[in-house]
$ cat upload39.pdb   # PDB, C-alpha atoms
ATOM      1  CA  MET A   1      93.362 102.275  97.249  1.00  0.00           C
ATOM      2  CA  VAL A   2      94.426  98.674  97.815  1.00  0.00           C
ATOM      3  CA  ARG A   3      92.563  95.425  98.419  1.00  0.00           C
ATOM      4  CA  ARG A   4      93.800  92.454 100.400  1.00  0.00           C
ATOM      5  CA  ARG A   5      92.107  89.131 101.108  1.00  0.00           C
ATOM      6  CA  VAL A   6      93.139  87.373 104.315  1.00  0.00           C
ATOM      7  CA  VAL A   7      92.454  83.875 105.583  1.00  0.00           C
ATOM      8  CA  VAL A   8      93.070  83.579 109.319  1.00  0.00           C
ATOM      9  CA  HIS A   9      93.870  80.158 110.826  1.00  0.00           C
ATOM     10  CA  GLY A  10      93.792  79.046 114.444  1.00  0.00           C
ATOM     11  CA  ARG A  11      91.145  79.380 117.152  1.00  0.00           C
ATOM     12  CA  VAL A  12      89.298  82.185 115.375  1.00  0.00           C
ATOM     13  CA  GLN A  13      85.646  81.108 115.420  1.00  0.00           C
ATOM     14  CA  GLY A  14      83.505  81.514 118.523  1.00  0.00           C
ATOM     15  CA  VAL A  15      85.828  84.186 119.947  1.00  0.00           C
ATOM     16  CA  PHE A  16      84.157  87.313 118.489  1.00  0.00           C
ATOM     17  CA  PHE A  17      86.740  87.544 115.696  1.00  0.00           C
ATOM     18  CA  ARG A  18      84.220  88.699 113.070  1.00  0.00           C
ATOM     19  CA  ALA A  19      82.549  91.290 115.307  1.00  0.00           C
ATOM     20  CA  SER A  20      85.901  92.636 116.491  1.00  0.00           C
ATOM     21  CA  CYS A  21      87.202  92.688 112.922  1.00  0.00           C
ATOM     22  CA  GLU A  22      84.151  94.626 111.736  1.00  0.00           C
ATOM     23  CA  GLN A  23      84.599  97.152 114.551  1.00  0.00           C
ATOM     24  CA  GLU A  24      88.325  97.611 113.848  1.00  0.00           C
ATOM     25  CA  ALA A  25      87.790  97.933 110.079  1.00  0.00           C
ATOM     26  CA  GLY A  26      85.123 100.572 110.718  1.00  0.00           C
ATOM     27  CA  ARG A  27      87.481 102.474 113.002  1.00  0.00           C
ATOM     28  CA  LEU A  28      90.097 102.470 110.236  1.00  0.00           C
ATOM     29  CA  GLY A  29      87.587 103.545 107.576  1.00  0.00           C
ATOM     30  CA  LEU A  30      87.932 100.369 105.512  1.00  0.00           C
ATOM     31  CA  ALA A  31      85.449  98.720 103.210  1.00  0.00           C
ATOM     32  CA  GLY A  32      84.955  94.979 102.681  1.00  0.00           C
ATOM     33  CA  TRP A  33      83.620  91.988 104.553  1.00  0.00           C
ATOM     34  CA  VAL A  34      84.447  89.165 106.977  1.00  0.00           C
ATOM     35  CA  THR A  35      83.005  85.648 107.235  1.00  0.00           C
ATOM     36  CA  ASN A  36      83.489  82.299 108.960  1.00  0.00           C
ATOM     37  CA  ARG A  37      84.462  79.492 106.608  1.00  0.00           C
ATOM     38  CA  PRO A  38      83.339  75.862 107.031  1.00  0.00           C
ATOM     39  CA  ASP A  39      86.947  74.744 107.608  1.00  0.00           C
ATOM     40  CA  GLY A  40      87.183  76.785 110.838  1.00  0.00           C
ATOM     41  CA  THR A  41      89.099  79.715 109.374  1.00  0.00           C
ATOM     42  CA  VAL A  42      87.961  83.329 109.018  1.00  0.00           C
ATOM     43  CA  GLU A  43      88.188  85.031 105.624  1.00  0.00           C
ATOM     44  CA  ALA A  44      88.096  88.788 105.125  1.00  0.00           C
ATOM     45  CA  VAL A  45      88.584  91.370 102.397  1.00  0.00           C
ATOM     46  CA  PHE A  46      89.847  94.851 103.242  1.00  0.00           C
ATOM     47  CA  GLU A  47      89.804  97.763 100.831  1.00  0.00           C
ATOM     48  CA  GLY A  48      91.081 101.264 101.509  1.00  0.00           C
ATOM     49  CA  GLU A  49      94.153 103.382 102.015  1.00  0.00           C
ATOM     50  CA  PRO A  50      97.347 101.278 102.044  1.00  0.00           C
ATOM     51  CA  ALA A  51      98.410 102.252 105.587  1.00  0.00           C
ATOM     52  CA  ALA A  52      94.968 101.438 107.016  1.00  0.00           C
ATOM     53  CA  VAL A  53      94.807  98.092 105.188  1.00  0.00           C
ATOM     54  CA  ASP A  54      98.289  97.257 106.497  1.00  0.00           C
ATOM     55  CA  GLN A  55      97.110  98.064 110.046  1.00  0.00           C
ATOM     56  CA  MET A  56      94.094  95.791 109.613  1.00  0.00           C
ATOM     57  CA  VAL A  57      96.197  92.901 108.314  1.00  0.00           C
ATOM     58  CA  ALA A  58      98.530  93.363 111.305  1.00  0.00           C
ATOM     59  CA  TRP A  59      95.488  93.320 113.632  1.00  0.00           C
ATOM     60  CA  CYS A  60      94.416  89.982 112.090  1.00  0.00           C
ATOM     61  CA  ARG A  61      97.735  88.441 113.144  1.00  0.00           C
ATOM     62  CA  GLY A  62      96.598  88.772 116.767  1.00  0.00           C
ATOM     63  CA  GLY A  63      92.838  89.230 116.615  1.00  0.00           C
ATOM     64  CA  PRO A  64      90.635  89.784 119.657  1.00  0.00           C
ATOM     65  CA  PRO A  65      91.777  88.684 123.145  1.00  0.00           C
ATOM     66  CA  ARG A  66      90.246  85.166 123.051  1.00  0.00           C
ATOM     67  CA  ALA A  67      91.613  84.298 119.584  1.00  0.00           C
ATOM     68  CA  SER A  68      94.720  82.218 119.009  1.00  0.00           C
ATOM     69  CA  VAL A  69      95.955  82.967 115.490  1.00  0.00           C
ATOM     70  CA  THR A  70      98.417  80.464 114.027  1.00  0.00           C
ATOM     71  CA  GLU A  71      98.662  81.732 110.435  1.00  0.00           C
ATOM     72  CA  VAL A  72      97.416  84.570 108.237  1.00  0.00           C
ATOM     73  CA  VAL A  73      97.505  84.078 104.464  1.00  0.00           C
ATOM     74  CA  VAL A  74      97.377  87.412 102.610  1.00  0.00           C
ATOM     75  CA  THR A  75      96.557  87.831  98.917  1.00  0.00           C
ATOM     76  CA  ASN A  76      96.739  91.151  97.051  1.00  0.00           C
ATOM     77  CA  GLU A  77      93.798  91.793  94.722  1.00  0.00           C
ATOM     78  CA  GLU A  78      92.613  94.581  92.463  1.00  0.00           C
ATOM     79  CA  PRO A  79      90.273  97.005  94.285  1.00  0.00           C
ATOM     80  CA  GLN A  80      86.593  96.370  93.506  1.00  0.00           C
ATOM     81  CA  GLY A  81      85.089  99.595  94.865  1.00  0.00           C
ATOM     82  CA  GLU A  82      83.642  98.058  98.032  1.00  0.00           C
ATOM     83  CA  SER A  83      81.619 100.395 100.250  1.00  0.00           C
ATOM     84  CA  GLY A  84      81.080  99.867 103.954  1.00  0.00           C
ATOM     85  CA  PHE A  85      82.257  96.899 105.977  1.00  0.00           C
ATOM     86  CA  ARG A  86      79.972  93.978 106.800  1.00  0.00           C
ATOM     87  CA  THR A  87      79.868  90.505 108.298  1.00  0.00           C
ATOM     88  CA  VAL A  88      78.589  87.879 105.854  1.00  0.00           C
TER      89      VAL A  88
END
$ encode --input "upload39.pdb" --output "structure tokens"
Amino acid sequence: MVRRRVVVHGRVQGVFFRASCEQEAGRLGLAGWVTNRPDGTVEAVFEGEPAAVDQMVAWCRGGPPRASVTEVVVTNEEPQGESGFRTV
């Protein structure tokens, strides 16, 4: 199990980024959460199998069709035992 925190920059709010992220994370069997931040970025934590987490981070680099991602900052963290994936 691995855990990664991502902060996604660009036009990522108001384009269904969180909902699409939650759907994709569920499809990959990941745990964690996603939220809009006041500065206009989206922050998410993904926990699960390394290959699935890598796929999710790669997905964040493009996001849903209406998003325009300019940067994704990824931080490795110690797994916390998250269960389920939610929007906060």
$ axis_aligned_box --input "upload39.pdb" --around "range 35-43 of chain A" --padding-each-side "8 Å" --output "lines of an AutoDock Vina configuration file"
center_x = 86.1
center_y = 80.2
center_z = 108.2
size_x = 22.1
size_y = 26.9
size_z = 21.2
$ resolve_selection --input "upload39.pdb" --expression "the PyMOL selection byres ((chain A and resi 41) around 10)" --output "PyMOL selection string"
chain A and resi 7-13+35-40+42-43+69+71-72
$ atom_distance --input "upload39.pdb" --atom1 "CA of Pro50 in chain A" --atom2 "CA of Pro65 in chain A"
25.2 Å
$ residues_around --input "upload39.pdb" --residues "Ser83 in chain A" --least-positions-apart "5" --cutoff "12 Å" --atoms "all atoms listed in the file" --output "number ranges by chain"
A: 25-26, 29-33, 45-48
$ atom_distance --input "upload39.pdb" --atom1 "CA of Pro79 in chain A" --atom2 "CA of Val2 in chain A"
5.7 Å
$ closest_residue --input "upload39.pdb" --among "A:Val74, A:Val34, A:Cys21, A:Val88" --to "Gly62 in chain A" --atoms "all atoms listed in the file"
A:Cys21
$ residues_around --input "upload39.pdb" --residues "Glu22 in chain A" --least-positions-apart "2" --cutoff "7 Å" --atoms "only C-alpha atoms" --output "VMD selection string"
chain A and resid 18 to 20 24 to 26 85 to 87
$ closest_residue --input "upload39.pdb" --among "A:Val6, A:Glu49, A:Glu77, A:Val15" --to "Gly63 in chain A" --atoms "only C-alpha atoms"
A:Val15
$ atom_distance --input "upload39.pdb" --atom1 "CA of Arg27 in chain A" --atom2 "CA of Ala67 in chain A"
19.8 Å
$ closest_residue --input "upload39.pdb" --among "A:Gly84, A:Ala44, A:Arg66, A:Asn76" --to "Phe16 in chain A" --atoms "all atoms listed in the file"
A:Arg66
$ closest_residue --input "upload39.pdb" --among "A:Gln23, A:Phe17, A:Gly81, A:Ala51" --to "Pro64 in chain A" --atoms "all atoms listed in the file"
A:Phe17
$ closest_residue --input "upload39.pdb" --among "A:Gln80, A:Val73, A:Gln55, A:Cys60" --to "Met1 in chain A" --atoms "all atoms listed in the file"
A:Gln80
$ decode --input "upload39.pdb" --residues "range 19-30 of chain A" --atoms "all heavy atoms" --output "tab-separated table (two decimals), in the first residue's frame"
chain	number	residue	atom	x	y	z
A	19	ALA	N	-15.91	15.17	-8.83
A	19	ALA	CA	-16.82	14.06	-9.11
A	19	ALA	C	-16.16	13.02	-10.01
A	19	ALA	O	-16.28	11.81	-9.78
A	19	ALA	CB	-18.11	14.57	-9.74
A	20	SER	N	-15.45	13.49	-11.03
A	20	SER	CA	-14.77	12.58	-11.94
A	20	SER	C	-13.64	11.85	-11.23
A	20	SER	O	-13.41	10.66	-11.45
A	20	SER	CB	-14.21	13.34	-13.14
A	20	SER	OG	-15.25	13.96	-13.86
A	21	CYS	N	-12.94	12.55	-10.35
A	21	CYS	CA	-11.86	11.97	-9.58
A	21	CYS	C	-12.40	10.87	-8.65
A	21	CYS	O	-11.83	9.78	-8.57
A	21	CYS	CB	-11.17	13.06	-8.77
A	21	CYS	SG	-9.77	12.53	-7.79
A	22	GLU	N	-13.51	11.16	-7.99
A	22	GLU	CA	-14.12	10.18	-7.10
A	22	GLU	C	-14.54	8.93	-7.87
A	22	GLU	O	-14.31	7.80	-7.43
A	22	GLU	CB	-15.32	10.80	-6.38
A	22	GLU	CG	-15.95	9.89	-5.36
A	22	GLU	CD	-17.05	10.57	-4.57
A	22	GLU	OE1	-17.52	11.65	-4.97
A	22	GLU	OE2	-17.43	10.00	-3.53
A	23	GLN	N	-15.10	9.12	-9.05
A	23	GLN	CA	-15.52	7.99	-9.88
A	23	GLN	C	-14.32	7.16	-10.32
A	23	GLN	O	-14.33	5.93	-10.25
A	23	GLN	CB	-16.28	8.51	-11.10
A	23	GLN	CG	-16.80	7.41	-11.99
A	23	GLN	CD	-17.59	7.97	-13.17
A	23	GLN	OE1	-17.63	9.18	-13.41
A	23	GLN	NE2	-18.21	7.09	-13.92
A	24	GLU	N	-13.26	7.82	-10.77
A	24	GLU	CA	-12.07	7.12	-11.24
A	24	GLU	C	-11.37	6.37	-10.09
A	24	GLU	O	-10.93	5.24	-10.25
A	24	GLU	CB	-11.10	8.10	-11.91
A	24	GLU	CG	-9.91	7.47	-12.56
A	24	GLU	CD	-10.23	6.63	-13.79
A	24	GLU	OE1	-11.38	6.67	-14.29
A	24	GLU	OE2	-9.34	5.91	-14.26
A	25	ALA	N	-11.27	7.02	-8.94
A	25	ALA	CA	-10.65	6.38	-7.77
A	25	ALA	C	-11.45	5.14	-7.36
A	25	ALA	O	-10.86	4.11	-7.01
A	25	ALA	CB	-10.55	7.37	-6.62
A	26	GLY	N	-12.77	5.25	-7.40
A	26	GLY	CA	-13.61	4.09	-7.09
A	26	GLY	C	-13.39	2.96	-8.07
A	26	GLY	O	-13.31	1.78	-7.69
A	27	ARG	N	-13.27	3.29	-9.34
A	27	ARG	CA	-13.04	2.28	-10.37
A	27	ARG	C	-11.72	1.55	-10.13
A	27	ARG	O	-11.61	0.35	-10.37
A	27	ARG	CB	-13.02	2.95	-11.75
A	27	ARG	CG	-12.95	1.99	-12.93
A	27	ARG	CD	-12.84	2.73	-14.25
A	27	ARG	NE	-11.55	3.35	-14.46
A	27	ARG	CZ	-10.43	2.70	-14.79
A	27	ARG	NH1	-10.44	1.40	-14.96
A	27	ARG	NH2	-9.31	3.36	-14.96
A	28	LEU	N	-10.72	2.29	-9.63
A	28	LEU	CA	-9.41	1.71	-9.38
A	28	LEU	C	-9.29	1.06	-8.00
A	28	LEU	O	-8.25	0.50	-7.66
A	28	LEU	CB	-8.32	2.79	-9.53
A	28	LEU	CG	-8.12	3.32	-10.94
A	28	LEU	CD1	-7.21	4.54	-10.93
A	28	LEU	CD2	-7.55	2.23	-11.84
A	29	GLY	N	-10.35	1.15	-7.19
A	29	GLY	CA	-10.34	0.54	-5.87
A	29	GLY	C	-9.49	1.28	-4.85
A	29	GLY	O	-8.97	0.67	-3.92
A	30	LEU	N	-9.37	2.60	-5.00
A	30	LEU	CA	-8.55	3.39	-4.10
A	30	LEU	C	-9.36	3.97	-2.96
A	30	LEU	O	-10.56	4.17	-3.07
A	30	LEU	CB	-7.88	4.53	-4.87
A	30	LEU	CG	-6.90	4.09	-5.96
A	30	LEU	CD1	-6.36	5.31	-6.69
A	30	LEU	CD2	-5.77	3.27	-5.38
